[in-house]
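What follows is run.cif (mmCIF, C-alpha atoms).
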```
data_upload
#
loop_
_atom_site.label_atom_id
_atom_site.label_comp_id
_atom_site.auth_asym_id
_atom_site.auth_seq_id
_atom_site.Cartn_x
_atom_site.Cartn_y
_atom_site.Cartn_z
CA MET W 1 106.17 108.95 87.75
CA MET W 2 104.93 110.37 91.04
CA SER W 3 107.30 110.79 93.93
CA LYS W 4 106.73 108.64 96.99
CA ASN W 5 105.62 111.68 99.04
CA SER W 6 103.17 112.79 96.32
CA LEU W 7 101.72 109.30 96.13
CA LEU W 8 101.33 109.11 99.93
CA ALA W 9 99.71 112.56 100.01
CA LEU W 10 97.27 111.55 97.27
CA LEU W 11 96.39 108.32 99.06
CA SER W 12 95.95 110.19 102.35
CA PHE W 13 93.69 112.76 100.70
CA ALA W 14 91.66 110.04 98.99
CA ALA W 15 91.25 108.15 102.27
CA THR W 16 90.04 111.32 104.02
CA VAL W 17 87.54 112.14 101.29
CA GLY W 18 86.42 108.51 101.15
CA SER W 19 85.76 108.28 104.88
CA ALA W 20 83.94 111.63 104.96
CA SER W 21 81.67 110.58 102.13
CA ALA W 22 80.72 107.44 104.05
CA PHE W 23 78.49 109.62 106.30
CA VAL W 24 76.62 111.22 103.41
CA PRO W 25 73.47 109.29 102.46
CA ALA W 26 73.42 108.35 98.80
CA ALA W 27 71.07 106.52 96.51
CA PRO W 28 72.03 102.89 95.88
CA VAL W 29 73.95 102.33 92.68
CA ALA W 30 74.72 99.17 90.78
CA ARG W 31 78.33 100.14 90.21
CA HIS W 32 80.67 102.76 91.67
CA ALA W 33 82.87 104.87 89.49
CA VAL W 34 86.59 104.36 89.92
CA THR W 35 87.73 106.44 92.89
CA SER W 36 90.91 108.45 93.18
CA THR W 37 92.35 105.76 95.46
CA SER W 38 91.65 102.98 93.01
CA THR W 39 92.76 105.17 90.09
CA CYS W 40 96.10 105.69 91.80
CA LEU W 41 96.40 102.00 92.62
CA SER W 42 95.35 100.89 89.17
CA ALA W 43 97.90 103.23 87.61
CA VAL W 44 100.59 101.32 89.49
CA ILE W 45 99.35 97.83 88.57
CA ASN W 46 97.35 98.52 85.41
CA LYS W 47 100.11 97.13 83.19
CA ASP W 48 99.97 93.74 84.95
CA PHE W 49 96.17 93.72 84.95
CA GLY W 50 96.08 94.54 81.26
CA ARG W 51 98.59 91.83 80.43
CA ALA W 52 96.72 89.29 82.58
CA VAL W 53 93.43 89.98 80.81
CA GLU W 54 95.16 89.94 77.42
CA CYS W 55 96.72 86.53 78.13
CA ALA W 56 93.46 85.13 79.52
CA GLU W 57 91.51 86.27 76.46
CA ARG W 58 94.05 85.15 73.85
CA PHE W 59 94.60 81.43 74.28
CA GLY W 60 98.11 80.22 73.52
CA GLU W 61 99.71 83.60 72.94
CA CYS W 62 101.48 83.95 76.30
CA ASP W 63 104.28 81.96 77.89
CA ALA W 64 103.32 79.56 80.69
CA ASP W 65 105.77 81.09 83.17
CA GLU W 66 104.44 84.59 82.51
CA MET W 67 100.85 83.42 83.00
CA VAL W 68 101.67 81.81 86.34
CA LYS W 69 103.40 85.01 87.54
CA LEU W 70 100.46 87.14 86.43
CA ALA W 71 98.00 84.77 88.14
CA ASP W 72 100.02 84.97 91.36
CA LYS W 73 99.94 88.78 91.23
CA LEU W 74 96.17 88.75 90.78
CA GLU W 75 95.75 86.34 93.70
CA ASP W 76 97.99 88.42 95.97
CA ILE W 77 95.70 91.45 95.76
CA GLU W 78 93.28 91.72 98.65
CA GLY W 79 89.95 93.46 98.39
CA CYS W 80 88.71 95.52 95.51
CA VAL W 81 90.73 97.65 93.19
CA TYR W 82 88.02 99.22 91.07
CA GLU W 83 84.85 98.70 93.10
CA ASP W 84 84.84 100.00 96.67
CA GLY W 85 82.57 101.49 99.26
CA VAL W 86 79.85 100.12 101.49
CA GLN W 87 77.17 100.42 98.79
CA ALA W 88 79.20 98.36 96.36
CA LYS W 89 79.75 95.27 98.54
CA ASP W 90 78.09 92.92 96.04
CA VAL W 91 79.91 94.53 93.13
CA CYS W 92 83.18 94.41 95.06
CA ASP W 93 82.63 90.71 95.81
CA LYS W 94 82.01 90.12 92.10
CA GLU W 95 85.21 91.97 91.19
CA ILE W 96 87.19 89.77 93.57
CA GLN W 97 85.57 86.58 92.25
CA ASP W 98 86.09 87.61 88.62
CA ARG W 99 89.74 88.50 89.30
CA LYS W 100 90.21 85.03 90.79
CA ASP W 101 88.52 83.59 87.69
CA VAL W 102 91.05 85.34 85.44
CA ALA W 103 93.87 83.98 87.64
CA ASP W 104 92.41 80.46 87.39
CA THR W 105 92.11 80.80 83.61
CA LEU W 106 95.77 81.83 83.37
CA LYS W 107 96.86 78.88 85.50
CA MET W 108 94.77 76.43 83.47
CA GLN W 109 96.23 77.75 80.22
CA ALA W 110 99.75 77.47 81.63
CA GLU W 111 99.10 73.91 82.76
CA LEU W 112 97.63 72.99 79.39
CA GLN W 113 100.67 74.42 77.61
CA LEU W 114 102.98 72.32 79.77
CA ARG W 115 100.85 69.21 79.25
CA MET W 116 100.79 69.74 75.48
CA ARG W 117 104.56 70.16 75.47
CA TYR W 118 104.93 66.91 77.43
CA LEU W 119 102.47 65.16 75.13
CA LYS W 120 104.48 66.22 72.11
CA ASP W 121 107.98 65.68 73.48
CA ALA W 122 107.95 63.00 76.16
CA ASN W 123 104.73 61.00 76.40
CA LEU W 124 105.54 57.31 75.82
CA PHE W 125 101.93 56.33 75.09
CA VAL W 126 101.62 58.97 72.37
CA GLU W 127 104.91 57.84 70.87
CA ASP W 128 103.74 54.19 70.81
CA VAL W 129 100.41 55.11 69.21
CA HIS W 130 102.17 57.10 66.50
CA LYS W 131 104.50 54.20 65.78
CA GLU W 132 101.55 51.80 65.58
CA LEU W 133 99.62 54.10 63.26
CA ASP W 134 102.69 54.57 61.08
CA MET W 135 103.02 50.76 60.81
CA GLU W 136 99.31 50.42 59.97
CA ASP W 137 99.66 53.11 57.31
CA ARG W 138 102.62 51.26 55.81
CA GLU W 139 100.71 47.96 55.87
CA THR W 140 97.66 49.62 54.30
CA SER W 141 99.89 51.18 51.68
CA TRP W 142 101.49 47.77 50.96
CA ASP W 143 98.04 46.11 50.70
CA GLU W 144 96.88 48.83 48.31
CA TYR W 145 100.06 48.40 46.26
CA LYS W 146 99.55 44.65 46.01
CA GLU W 147 95.93 45.05 44.91
CA LYS W 148 96.81 47.72 42.39
CA HIS W 149 99.49 45.53 40.81
CA GLY W 150 97.56 42.25 40.92
CA MET W 151 99.63 40.84 43.72
CA GLY W 152 96.80 40.54 46.24
CA LEU W 153 95.25 37.39 44.77
CA GLY W 154 97.19 35.02 46.99
CA LEU W 155 98.73 33.24 44.01
CA TRP W 156 102.25 33.34 45.33
#
```

Rewrite the structure of this file - the entire thing - as structure tokens.
Amino acid sequence: MMSKNSLLALLSFAATVGSASAFVPAAPVARHAVTSTSTCLSAVINKDFGRAVECAERFGECDADEMVKLADKLEDIEGCVYEDGVQAKDVCDKEIQDRKDVADTLKMQAELQLRMRYLKDANLFVEDVHKELDMEDRETSWDEYKEKHGMGLGLW
């Protein structure tokens, strides 16, 4: 782990190099490589980003509380992490929008988990429907039994 002074020195150096390179004309590119500033930043938060993407991609494998916390962390980040620079404005905007999309996906999954839990454990309507279907199954079973044993002829 880097010391606080080393991290500040690296960020200061990266900011200096980044601002100096802003005055050098360059050919337009579709996507910037990860800079030293974003590399340093992503090293700090890469674990959370990785977990957020993992949870978003693998439906039902993460806890609802964890997904909400990860979504909040993604939403708290301002600007770009991986895409930066004047030439990459459109790409930076896409990174921000896509990060928000991952956060929304995490929140929707968390909400769906909670709703499914409620549906299973506490929803009165679901409970009533199950009871009704169980009664219908029993009645159907009784009707089938009567027919099978010659009791369904109404001769009683």

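Picture a line from atom CA of W:Cys55 to atom CA of W:Leu70; it runs 9.1 Å.
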
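Look at W:Leu74: the protein and nucleic acid residues within 8 Å of it, using all atoms listed in the file and passing over chain neighbours fewer than 6 places away, are Phe49, Arg99, Lys100 and Ala103 of chain W.
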
Using only C-alpha atoms, the residue out of W:Val126, W:Ala88, W:Val102, W:Ile45 with shortest distance to W:Glu57 is W:Val102

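Atom pair atom CA of W:Asp48 / atom CA of W:Glu111: separated by 20.0 Å.
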
Convert the output of the PyMOL selection byres ((chain W and resi 64) around 9) on the shown file into explicit residues, formatted as a ChimeraX atom specification. /W:60,62-63,65-69,106-107,109-114

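Across the structure, atom CA of W:Asp93 and atom CA of W:Lys73 are spaced 18.0 Å apart.
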
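Note on the selection: in this file the PyMOL selection byres ((chain W and resi 95-98) around 9) comes out as Ile77, Glu78, Gly79, Cys80, Val81, Tyr82, Glu83, Asp90, Val91, Cys92, Asp93, Lys94, Arg99, Lys100, Asp101, Val102 and Ala103 of chain W.
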
First collect every listed atom of stretch 91-100 of chain W; then fit an axis-aligned box around them, widen it by 5 Å on each side, and give centre and edge lengths in Å to one decimal, as lines of an AutoDock Vina configuration file.
```
center_x = 85.1
center_y = 89.8
center_z = 92.2
size_x = 20.3
size_y = 19.5
size_z = 17.2
```
